[in-house]
Protein chains: 2
Amino acid sequence: MYKEKGEPAIPLRDAYQHDHKMYVATDCIIFGFDAGNLKLLLFKRRVAPFQGDWSLIGSFVKIDEDVSAAAERVLEEITGLRDVFMEELKTYGAANRDPGFRCISIGQYALIRLNDYDKELVEQHGAVWHDVKELPSLVLDHDQMVQDALKKLKQKARYQPLGFELLPEKFTIPQLQSVYEAIYQKELDSRNFRKKVFSYNVLVKLEEKDKSTSKRGAFLYKFDHNRYKRLTERGYNFEI
Amino acid sequence: MYKEKGEPAIPLRDAYQHDHKMYVATDCIIFGFDAGNLKLLLFKRRVAPFQGDWSLIGSFVKIDEDVSAAAERVLEEITGLRDVFMEELKTYGAANRDPGFRCISIGQYALIRLNDYDKELVEQHGAVWHDVKELPSLVLDHDQMVQDALKKLKQKARYQPLGFELLPEKFTIPQLQSVYEAIYQKELDSRNFRKKVFSYNVLVKLEEKDKSTSKRGAFLYKFDHNRYKRLTERGYNFEI
DNA sequence: ATAATAAATGTATTTTTTACATTTTATAAA
DNA sequence: TTTATAAAATGTAAAAAATACATTTATTAT
């Protein structure tokens with residue numbers, strides 16, 4: 001990257017034509033939530049190598065494509081969804097991680113609402129939702145990616161309102177609690193949970209009730225993004 | 001990444017020879033601490049393009065080299081140091097981030113002890129320590145990398161004992177407080193600070209004193225990595 | 001009318017965080 | 001030897017946050 005003192009400067013491009021180019025891929029760790037459980041969208045590979053094995057959904061990054069755009073493209077191709085929560089997890093850069101050829105992968109995790117996605121599209125691509133507690137083993141280092149993503153989700157959910165990304169726009173407090181219980185893998189006290197979520201004043205109570213799980217029904221709420229924004233701007237931090 | 005249902009599987013390698021290969025670089029955001037201030041090691045480029053401009057220190061990742069190994073190599077070449085704290089920051093993957101050719105970079109931030117490094121080596125490479133409050137502007141997206149690294153350091157230092165990585169093995173409590181004040185950019189109350197750091201029982205008090213900053217002198221302490229390990233294993237989390 | 005069931009709610013206790021001022025120790029100067 | 005100096009070291013009370021815990025309410029089906 002540098003030349004010894006005194007040597008004349010040479011164009012960087014010439015200095016580095018030692019064929020260091022490699023493939024750059026992105027793999028998406030796509031989470032959903034259903035019936036009290038975190039779900040992961042997996043893909044049964046239809047191409048060799050590893051044909052028939054379970055894998056995350058990914059793609060090479062095109063030569064003129066932003067890495068983040070590649071991830072968004074993959075997600076849209078499979079689920080039909082745009083503008084969902086997606087964030088970089090980590091780079092998987094071991095020289096020998098892919099036996100075929102040198103390829104690094106940038107893992108990105110996404111949180112989607114299980115009622116929104118395009119079911120036909122998902123099926124067409126051989127993708128299947130799996131409960132995160134009962135995952136098959138995956139190709140390459142994808143198991144590691146999933147473990148890392150679960151850990152990150154657990155950490156990050158504490159300080160950022162990620163739980164809402166996994167629920168429909170309208171949701172009940174018991175549903176919300178259930179999401180956090182799935183993420184933290186831990187039961188929460190409903191009285192303390194309510195106290196906490198309400199304390200930030202970022203939920204809007206609706207008139208409607210969801211009666212699918214009880215005779216009494218539970219009130220529906222919406223997450224108010226503006227109030228949340230104001231909260232963080234005032235230096236407060238949401239913590240759940 | 002997939003084939004339509006029913007089409008025969010074809011080897012992935014053939015499917016993807018559309019020249020998607022690109023350069024992968026790694027850039028190191030190297031922090032140090034001196035006289036109450038966070039410092040950043042910058043490098044005056046001796047090669048075109050951007051000759052003479054300030055830059056982070058980086059390198060291409062070699063075709064048979066782990067990404068993390070590339071970062072360690074760069075750090076050692078410039079500072080002579082191995083086994084220092086270094087962690088991935090984030091991938092910089094915009095298609096047009098480098099005007100010369102397609103190149104993504106994986107930013108990695110390192111924390112080093114300012115008395116340990118090899119001063120001659122650093123000087124040889126045209127690297128200079130800068131106060132983070134008075135940084136020149138940097139090439140490409142390196143300014144963004146530094147801002148991101150500072151933010152991450154601030155967040156991460158709360159829950160992981162990173163402050164110690166910036167101090168010599170033996171340090172005083174006022175020094176430690178000063179490190180955290182630099183990271184958080186905020187003054188801390190010395191009584192509450194002591195109470196907190198001592199509460200975790202991860203510091204070992206030595207007999208020696210450091211008399212460089214006062215007549216009375218301040219006792220030196222060591223960070224006890226074993227005790228810290230036990231603490232985290234018991235599920236407690238260090239928070240400062 | 002009654003039984004059944006999940007939803008909704010409040011309080012007391014403990015723990016953690018914050019705010020705040022004085023004493024101690026060693027050295028250098030008088 | 002006394003005294004002045006200056007950073008290091010220390011404790012306590014008040015406020016805020018987290019935890020533990022049990023009963024009542026609303027609705028539907030019988």
# chains A, B, ... in the order shown; residues from 1 in each chain; ligands from 1
call {"tool": "interface_residues", "arguments": {"of": "chain D", "to": "chain B", "cutoff": "12 Å", "atoms": "only C-alpha atoms (C1' of nucleotides)", "output": "PDB file with N, CA and C atoms (P, O5', C5', C4', C3', O3' and C1' of nucleotides), in the first residue's frame"}}
result
ATOM      1  P    DT D   5      -0.664  28.462  48.421  1.00  0.00           P
ATOM      2  O5'  DT D   5      -0.506  27.081  47.652  1.00  0.00           O
ATOM      3  C5'  DT D   5       0.763  26.729  47.075  1.00  0.00           C
ATOM      4  C4'  DT D   5       0.605  25.403  46.360  1.00  0.00           C
ATOM      5  C3'  DT D   5      -0.742  25.230  45.659  1.00  0.00           C
ATOM      6  O3'  DT D   5      -0.479  24.961  44.296  1.00  0.00           O
ATOM      7  C1'  DT D   5      -0.205  23.304  46.942  1.00  0.00           C
ATOM      8  P    DA D   6      -1.629  24.991  43.198  1.00  0.00           P
ATOM      9  O5'  DA D   6      -1.890  23.444  42.982  1.00  0.00           O
ATOM     10  C5'  DA D   6      -0.838  22.599  42.501  1.00  0.00           C
ATOM     11  C4'  DA D   6      -1.382  21.199  42.488  1.00  0.00           C
ATOM     12  C3'  DA D   6      -2.824  21.152  41.957  1.00  0.00           C
ATOM     13  O3'  DA D   6      -2.961  20.052  41.094  1.00  0.00           O
ATOM     14  C1'  DA D   6      -2.727  20.148  44.063  1.00  0.00           C
ATOM     15  P    DA D   7      -4.132  20.000  40.031  1.00  0.00           P
ATOM     16  O5'  DA D   7      -4.260  18.433  39.788  1.00  0.00           O
ATOM     17  C5'  DA D   7      -3.096  17.636  39.692  1.00  0.00           C
ATOM     18  C4'  DA D   7      -3.268  16.424  40.577  1.00  0.00           C
ATOM     19  C3'  DA D   7      -4.482  15.562  40.224  1.00  0.00           C
ATOM     20  O3'  DA D   7      -4.042  14.225  40.136  1.00  0.00           O
ATOM     21  C1'  DA D   7      -4.450  16.051  42.533  1.00  0.00           C
ATOM     22  P    DA D   8      -4.947  12.961  39.928  1.00  0.00           P
ATOM     23  O5'  DA D   8      -5.058  12.422  41.427  1.00  0.00           O
ATOM     24  C5'  DA D   8      -3.918  11.836  42.045  1.00  0.00           C
ATOM     25  C4'  DA D   8      -4.362  11.063  43.279  1.00  0.00           C
ATOM     26  C3'  DA D   8      -5.436  10.017  43.020  1.00  0.00           C
ATOM     27  O3'  DA D   8      -5.083   8.869  43.778  1.00  0.00           O
ATOM     28  C1'  DA D   8      -6.250  11.628  44.568  1.00  0.00           C
ATOM     29  P    DA D   9      -5.902   7.517  43.694  1.00  0.00           P
ATOM     30  O5'  DA D   9      -6.932   7.729  44.894  1.00  0.00           O
ATOM     31  C5'  DA D   9      -6.461   7.687  46.235  1.00  0.00           C
ATOM     32  C4'  DA D   9      -7.611   7.984  47.176  1.00  0.00           C
ATOM     33  C3'  DA D   9      -8.838   7.109  46.963  1.00  0.00           C
ATOM     34  O3'  DA D   9      -8.997   6.291  48.113  1.00  0.00           O
ATOM     35  C1'  DA D   9      -9.414   9.409  47.257  1.00  0.00           C
ATOM     36  P    DT D  10     -10.085   5.184  48.217  1.00  0.00           P
ATOM     37  O5'  DT D  10     -11.265   5.970  48.949  1.00  0.00           O
ATOM     38  C5'  DT D  10     -11.026   6.506  50.250  1.00  0.00           C
ATOM     39  C4'  DT D  10     -12.212   7.332  50.675  1.00  0.00           C
ATOM     40  C3'  DT D  10     -13.570   6.633  50.550  1.00  0.00           C
ATOM     41  O3'  DT D  10     -14.251   6.746  51.779  1.00  0.00           O
ATOM     42  C1'  DT D  10     -13.656   8.792  49.643  1.00  0.00           C
ATOM     43  P    DG D  11     -15.195   5.636  52.325  1.00  0.00           P
ATOM     44  O5'  DG D  11     -16.542   6.448  52.563  1.00  0.00           O
ATOM     45  C5'  DG D  11     -16.513   7.692  53.277  1.00  0.00           C
ATOM     46  C4'  DG D  11     -17.880   8.319  53.165  1.00  0.00           C
ATOM     47  C3'  DG D  11     -19.038   7.340  53.386  1.00  0.00           C
ATOM     48  O3'  DG D  11     -19.921   7.952  54.310  1.00  0.00           O
ATOM     49  C1'  DG D  11     -19.361   8.531  51.380  1.00  0.00           C
ATOM     50  P    DT D  12     -21.173   7.164  54.930  1.00  0.00           P
ATOM     51  O5'  DT D  12     -22.273   8.323  54.981  1.00  0.00           O
ATOM     52  C5'  DT D  12     -22.014   9.620  54.455  1.00  0.00           C
ATOM     53  C4'  DT D  12     -23.241  10.122  53.722  1.00  0.00           C
ATOM     54  C3'  DT D  12     -24.501   9.271  53.915  1.00  0.00           C
ATOM     55  O3'  DT D  12     -25.620  10.142  54.014  1.00  0.00           O
ATOM     56  C1'  DT D  12     -24.116   9.565  51.651  1.00  0.00           C
TER      57       DT D  12
END
call {"tool": "interface_residues", "arguments": {"of": "chain C", "to": "chain B", "cutoff": "10 Å", "atoms": "only C-alpha atoms (C1' of nucleotides)", "output": "ChimeraX atom specification"}}
result
/C:17-20,24-28
call {"tool": "write_last_selection", "arguments": {"atoms": "C-alpha atoms (C1' of nucleotides)", "output": "compact mmCIF listing (two decimals), in the first residue's frame"}}
result
# COMPACT_ATOMS: atom_id res chain seq x y z
C1' DT C 17 -28.19 6.00 39.20
C1' DT C 18 -27.35 10.54 40.23
C1' DA C 19 -25.84 14.65 42.63
C1' DC C 20 -22.72 16.65 45.49
C1' DT C 24 -5.88 12.79 52.46
C1' DT C 25 -1.29 12.30 50.75
C1' DA C 26 3.04 13.59 48.98
C1' DT C 27 6.06 17.16 47.43
C1' DA C 28 8.17 21.61 46.97
call {"tool": "closest_residue", "arguments": {"among": "B:Phe60, B:Phe198, B:Tyr184, B:Trp129", "to": "chain A", "atoms": "only C-alpha atoms"}}
result
B:Phe60
call {"tool": "residues_around", "arguments": {"residues": "stretch 35-46 of chain A", "least_positions_apart": "2", "cutoff": "6 Å", "atoms": "only C-alpha atoms (C1' of nucleotides)", "output": "list in words"}}
result
Ile30, Phe31, Gly32, Phe33, Gln51, Gly52, Asp53, Trp54, Ser55, Leu56, Gly126, Ala127, Val128, Trp129, His130, Asp131, Val132, Ser178 and Ala182 of chain A; Ala9 of chain B
call {"tool": "write_last_selection", "arguments": {"atoms": "all heavy atoms", "output": "short mmCIF file (atom, residue, chain, number, x, y, z; two decimals), in the first residue's frame"}}
result
data_model
loop_
_atom_site.label_atom_id
_atom_site.label_comp_id
_atom_site.auth_asym_id
_atom_site.auth_seq_id
_atom_site.Cartn_x
_atom_site.Cartn_y
_atom_site.Cartn_z
N ILE A 30 -33.10 -13.59 6.58
CA ILE A 30 -34.42 -12.97 6.57
C ILE A 30 -35.27 -13.54 7.69
O ILE A 30 -35.62 -14.73 7.68
CB ILE A 30 -35.11 -13.21 5.21
CG1 ILE A 30 -34.20 -12.69 4.08
CG2 ILE A 30 -36.48 -12.53 5.18
CD1 ILE A 30 -34.70 -13.00 2.69
N PHE A 31 -35.60 -12.68 8.66
CA PHE A 31 -36.39 -13.12 9.80
C PHE A 31 -37.85 -12.71 9.64
O PHE A 31 -38.15 -11.64 9.12
CB PHE A 31 -35.87 -12.49 11.09
CG PHE A 31 -34.53 -13.00 11.53
CD1 PHE A 31 -33.41 -12.18 11.48
CD2 PHE A 31 -34.39 -14.30 11.99
CE1 PHE A 31 -32.18 -12.66 11.90
CE2 PHE A 31 -33.15 -14.79 12.41
CZ PHE A 31 -32.05 -13.96 12.36
N GLY A 32 -38.71 -13.58 10.13
CA GLY A 32 -40.12 -13.26 10.24
C GLY A 32 -40.60 -13.71 11.61
O GLY A 32 -39.84 -14.29 12.39
N PHE A 33 -41.86 -13.47 11.90
CA PHE A 33 -42.41 -13.86 13.20
C PHE A 33 -43.81 -14.40 12.99
O PHE A 33 -44.62 -13.79 12.32
CB PHE A 33 -42.46 -12.65 14.13
CG PHE A 33 -43.06 -12.95 15.46
CD1 PHE A 33 -42.34 -13.63 16.43
CD2 PHE A 33 -44.36 -12.56 15.74
CE1 PHE A 33 -42.89 -13.91 17.66
CE2 PHE A 33 -44.93 -12.84 16.97
CZ PHE A 33 -44.19 -13.52 17.93
N GLN A 51 -26.20 -28.70 -4.38
CA GLN A 51 -27.57 -28.81 -4.87
C GLN A 51 -28.42 -29.60 -3.87
O GLN A 51 -28.02 -30.65 -3.38
CB GLN A 51 -27.58 -29.51 -6.23
CG GLN A 51 -28.89 -29.34 -6.95
CD GLN A 51 -28.91 -30.01 -8.30
OE1 GLN A 51 -27.87 -30.46 -8.77
NE2 GLN A 51 -30.06 -30.08 -8.92
N GLY A 52 -29.57 -29.07 -3.55
CA GLY A 52 -30.46 -29.74 -2.61
C GLY A 52 -30.22 -29.38 -1.17
O GLY A 52 -31.04 -29.68 -0.31
N ASP A 53 -29.12 -28.72 -0.87
CA ASP A 53 -28.85 -28.32 0.51
C ASP A 53 -29.56 -27.01 0.84
O ASP A 53 -29.84 -26.21 -0.03
CB ASP A 53 -27.35 -28.12 0.73
CG ASP A 53 -26.60 -29.44 0.77
OD1 ASP A 53 -27.26 -30.49 0.61
OD2 ASP A 53 -25.37 -29.42 0.94
N TRP A 54 -29.79 -26.82 2.11
CA TRP A 54 -30.39 -25.58 2.56
C TRP A 54 -29.34 -24.49 2.64
O TRP A 54 -28.20 -24.73 3.04
CB TRP A 54 -31.05 -25.75 3.93
CG TRP A 54 -32.27 -26.60 3.88
CD1 TRP A 54 -32.39 -27.89 4.29
CD2 TRP A 54 -33.55 -26.22 3.39
NE1 TRP A 54 -33.66 -28.34 4.09
CE2 TRP A 54 -34.40 -27.33 3.53
CE3 TRP A 54 -34.08 -25.04 2.83
CZ2 TRP A 54 -35.74 -27.31 3.15
CZ3 TRP A 54 -35.41 -25.01 2.45
CH2 TRP A 54 -36.22 -26.15 2.61
N SER A 55 -29.79 -23.30 2.31
CA SER A 55 -28.86 -22.19 2.21
C SER A 55 -29.60 -20.89 2.50
O SER A 55 -30.81 -20.82 2.37
CB SER A 55 -28.32 -22.18 0.77
OG SER A 55 -27.84 -20.92 0.41
N LEU A 56 -28.86 -19.88 2.87
CA LEU A 56 -29.44 -18.55 2.89
C LEU A 56 -29.64 -18.10 1.45
O LEU A 56 -29.11 -18.72 0.52
CB LEU A 56 -28.51 -17.58 3.61
CG LEU A 56 -28.36 -17.82 5.10
CD1 LEU A 56 -27.27 -16.93 5.67
CD2 LEU A 56 -29.68 -17.56 5.83
N GLY A 126 -38.41 -21.81 -4.26
CA GLY A 126 -38.00 -22.92 -3.39
C GLY A 126 -37.60 -22.46 -2.01
O GLY A 126 -36.84 -23.12 -1.32
N ALA A 127 -38.13 -21.32 -1.61
CA ALA A 127 -37.79 -20.80 -0.28
C ALA A 127 -38.86 -21.25 0.71
O ALA A 127 -40.04 -21.35 0.37
CB ALA A 127 -37.70 -19.29 -0.31
N VAL A 128 -38.45 -21.55 1.92
CA VAL A 128 -39.34 -22.06 2.95
C VAL A 128 -39.02 -21.40 4.28
O VAL A 128 -37.86 -21.21 4.63
CB VAL A 128 -39.17 -23.60 3.09
CG1 VAL A 128 -40.12 -24.14 4.14
CG2 VAL A 128 -39.38 -24.30 1.76
N TRP A 129 -40.08 -21.08 5.01
CA TRP A 129 -39.89 -20.53 6.35
C TRP A 129 -39.59 -21.65 7.34
O TRP A 129 -40.31 -22.65 7.37
CB TRP A 129 -41.14 -19.78 6.81
CG TRP A 129 -41.30 -18.47 6.11
CD1 TRP A 129 -42.13 -18.20 5.07
CD2 TRP A 129 -40.60 -17.26 6.40
NE1 TRP A 129 -42.00 -16.89 4.69
CE2 TRP A 129 -41.06 -16.29 5.49
CE3 TRP A 129 -39.62 -16.89 7.34
CZ2 TRP A 129 -40.57 -14.98 5.49
CZ3 TRP A 129 -39.14 -15.59 7.33
CH2 TRP A 129 -39.62 -14.65 6.43
N HIS A 130 -38.56 -21.46 8.14
CA HIS A 130 -38.21 -22.44 9.17
C HIS A 130 -38.23 -21.75 10.53
O HIS A 130 -37.82 -20.61 10.66
CB HIS A 130 -36.78 -22.94 8.95
CG HIS A 130 -36.64 -23.85 7.78
ND1 HIS A 130 -36.45 -25.20 7.92
CD2 HIS A 130 -36.66 -23.59 6.46
CE1 HIS A 130 -36.36 -25.74 6.72
NE2 HIS A 130 -36.48 -24.79 5.82
N ASP A 131 -38.66 -22.49 11.51
CA ASP A 131 -38.58 -22.00 12.88
C ASP A 131 -37.10 -21.92 13.27
O ASP A 131 -36.35 -22.86 13.01
CB ASP A 131 -39.31 -22.97 13.81
CG ASP A 131 -39.56 -22.35 15.16
OD1 ASP A 131 -38.57 -21.95 15.81
OD2 ASP A 131 -40.72 -22.25 15.57
N VAL A 132 -36.68 -20.82 13.86
CA VAL A 132 -35.25 -20.70 14.18
C VAL A 132 -34.80 -21.72 15.22
O VAL A 132 -33.61 -21.96 15.37
CB VAL A 132 -34.84 -19.29 14.67
CG1 VAL A 132 -35.01 -18.25 13.58
CG2 VAL A 132 -35.59 -18.90 15.92
N SER A 178 -44.90 -11.00 22.78
CA SER A 178 -44.53 -12.31 22.25
C SER A 178 -43.32 -12.21 21.30
O SER A 178 -42.44 -13.07 21.31
CB SER A 178 -45.75 -12.90 21.55
OG SER A 178 -45.43 -14.04 20.82
N ALA A 182 -39.70 -13.94 21.92
CA ALA A 182 -39.04 -14.80 20.94
C ALA A 182 -37.60 -14.33 20.68
O ALA A 182 -36.69 -15.14 20.57
CB ALA A 182 -39.83 -14.83 19.64
N ALA B 9 -30.54 -28.00 -13.19
CA ALA B 9 -29.53 -27.33 -12.39
C ALA B 9 -28.24 -27.21 -13.21
O ALA B 9 -27.87 -28.12 -13.93
CB ALA B 9 -29.24 -28.14 -11.13
#
call {"tool": "closest_residue", "arguments": {"among": "C:DA21, C:DA30, C:DA4, C:DA12", "to": "D:DA29", "atoms": "only C-alpha atoms (C1' of nucleotides)"}}
result
C:DA4
call {"tool": "atom_distance", "arguments": {"atom1": "atom CA of B:Leu75", "atom2": "atom CA of B:Thr26"}}
result
10.7 Å
call {"tool": "select_by_dssp", "arguments": {"residues": "stretch 7-192 of chain A", "states": "helix (DSSP H, G or I)", "output": "ChimeraX atom specification"}}
result
/A:12-15,67-79,119-124,142-157,163-166,173-184,190-192
call {"tool": "residues_around", "arguments": {"residues": "C:DA29", "least_positions_apart": "4", "cutoff": "12 Å", "atoms": "only C-alpha atoms (C1' of nucleotides)", "output": "PyMOL selection string"}}
result
chain D and resi 2-5
call {"tool": "select_by_dssp", "arguments": {"residues": "stretch 16-50 of chain A", "states": "strand (DSSP E)", "output": "number ranges by chain"}}
result
A: 23-34, 37-44
call {"tool": "atom_distance", "arguments": {"atom1": "atom CA of A:Arg82", "atom2": "atom CA of A:Glu65"}}
result
16.6 Å
call {"tool": "residues_around", "arguments": {"residues": "D:DA17", "least_positions_apart": "2", "cutoff": "10 Å", "atoms": "only C-alpha atoms (C1' of nucleotides)", "output": "list in words"}}
result
DT15, DT16 and DT17 of chain C; DA15 and DT19 of chain D
call {"tool": "atom_distance", "arguments": {"atom1": "atom CA of B:Tyr23", "atom2": "atom CA of B:Val61"}}
result
7.8 Å
call {"tool": "closest_residue", "arguments": {"among": "A:Lys119, A:Lys156, A:Lys209, A:Lys229", "to": "chain B", "atoms": "only C-alpha atoms"}}
result
A:Lys156
call {"tool": "residues_around", "arguments": {"residues": "A:Met86", "least_positions_apart": "5", "cutoff": "10 Å", "atoms": "only C-alpha atoms (C1' of nucleotides)", "output": "PyMOL selection string"}}
result
chain A and resi 28-30+68+71-72+75+108-112
call {"tool": "residues_around", "arguments": {"residues": "B:Phe238", "least_positions_apart": "6", "cutoff": "9 Å", "atoms": "only C-alpha atoms (C1' of nucleotides)", "output": "PyMOL selection string"}}
result
chain B and resi 158-161+197+200+228+231-232
call {"tool": "write_last_selection", "arguments": {"atoms": "N, CA and C atoms", "output": "PDB file, in the first residue's frame"}}
result
ATOM      1  N   ARG B 158     -19.510   1.240  26.127  1.00  0.00           N
ATOM      2  CA  ARG B 158     -20.423   1.145  27.268  1.00  0.00           C
ATOM      3  C   ARG B 158     -20.532  -0.258  27.816  1.00  0.00           C
ATOM      4  N   TYR B 159     -20.479  -1.241  26.937  1.00  0.00           N
ATOM      5  CA  TYR B 159     -20.773  -2.609  27.356  1.00  0.00           C
ATOM      6  C   TYR B 159     -19.606  -3.572  27.243  1.00  0.00           C
ATOM      7  N   GLN B 160     -18.472  -3.063  26.774  1.00  0.00           N
ATOM      8  CA  GLN B 160     -17.302  -3.936  26.661  1.00  0.00           C
ATOM      9  C   GLN B 160     -16.115  -3.144  27.167  1.00  0.00           C
ATOM     10  N   PRO B 161     -15.180  -3.794  27.835  1.00  0.00           N
ATOM     11  CA  PRO B 161     -14.062  -3.043  28.420  1.00  0.00           C
ATOM     12  C   PRO B 161     -13.055  -2.591  27.375  1.00  0.00           C
ATOM     13  N   VAL B 197     -16.483   1.392  38.346  1.00  0.00           N
ATOM     14  CA  VAL B 197     -15.423   0.485  37.876  1.00  0.00           C
ATOM     15  C   VAL B 197     -15.039  -0.522  38.953  1.00  0.00           C
ATOM     16  N   TYR B 200     -17.274  -3.961  39.622  1.00  0.00           N
ATOM     17  CA  TYR B 200     -17.173  -5.191  38.835  1.00  0.00           C
ATOM     18  C   TYR B 200     -16.030  -6.084  39.287  1.00  0.00           C
ATOM     19  N   TYR B 228     -12.656 -10.738  34.508  1.00  0.00           N
ATOM     20  CA  TYR B 228     -13.652 -10.231  33.563  1.00  0.00           C
ATOM     21  C   TYR B 228     -14.362 -11.383  32.860  1.00  0.00           C
ATOM     22  N   LEU B 231     -16.789 -12.961  35.109  1.00  0.00           N
ATOM     23  CA  LEU B 231     -17.945 -12.066  35.263  1.00  0.00           C
ATOM     24  C   LEU B 231     -18.947 -12.265  34.120  1.00  0.00           C
ATOM     25  N   THR B 232     -18.429 -12.249  32.908  1.00  0.00           N
ATOM     26  CA  THR B 232     -19.326 -12.373  31.758  1.00  0.00           C
ATOM     27  C   THR B 232     -19.919 -13.778  31.666  1.00  0.00           C
TER      28      THR B 232
END
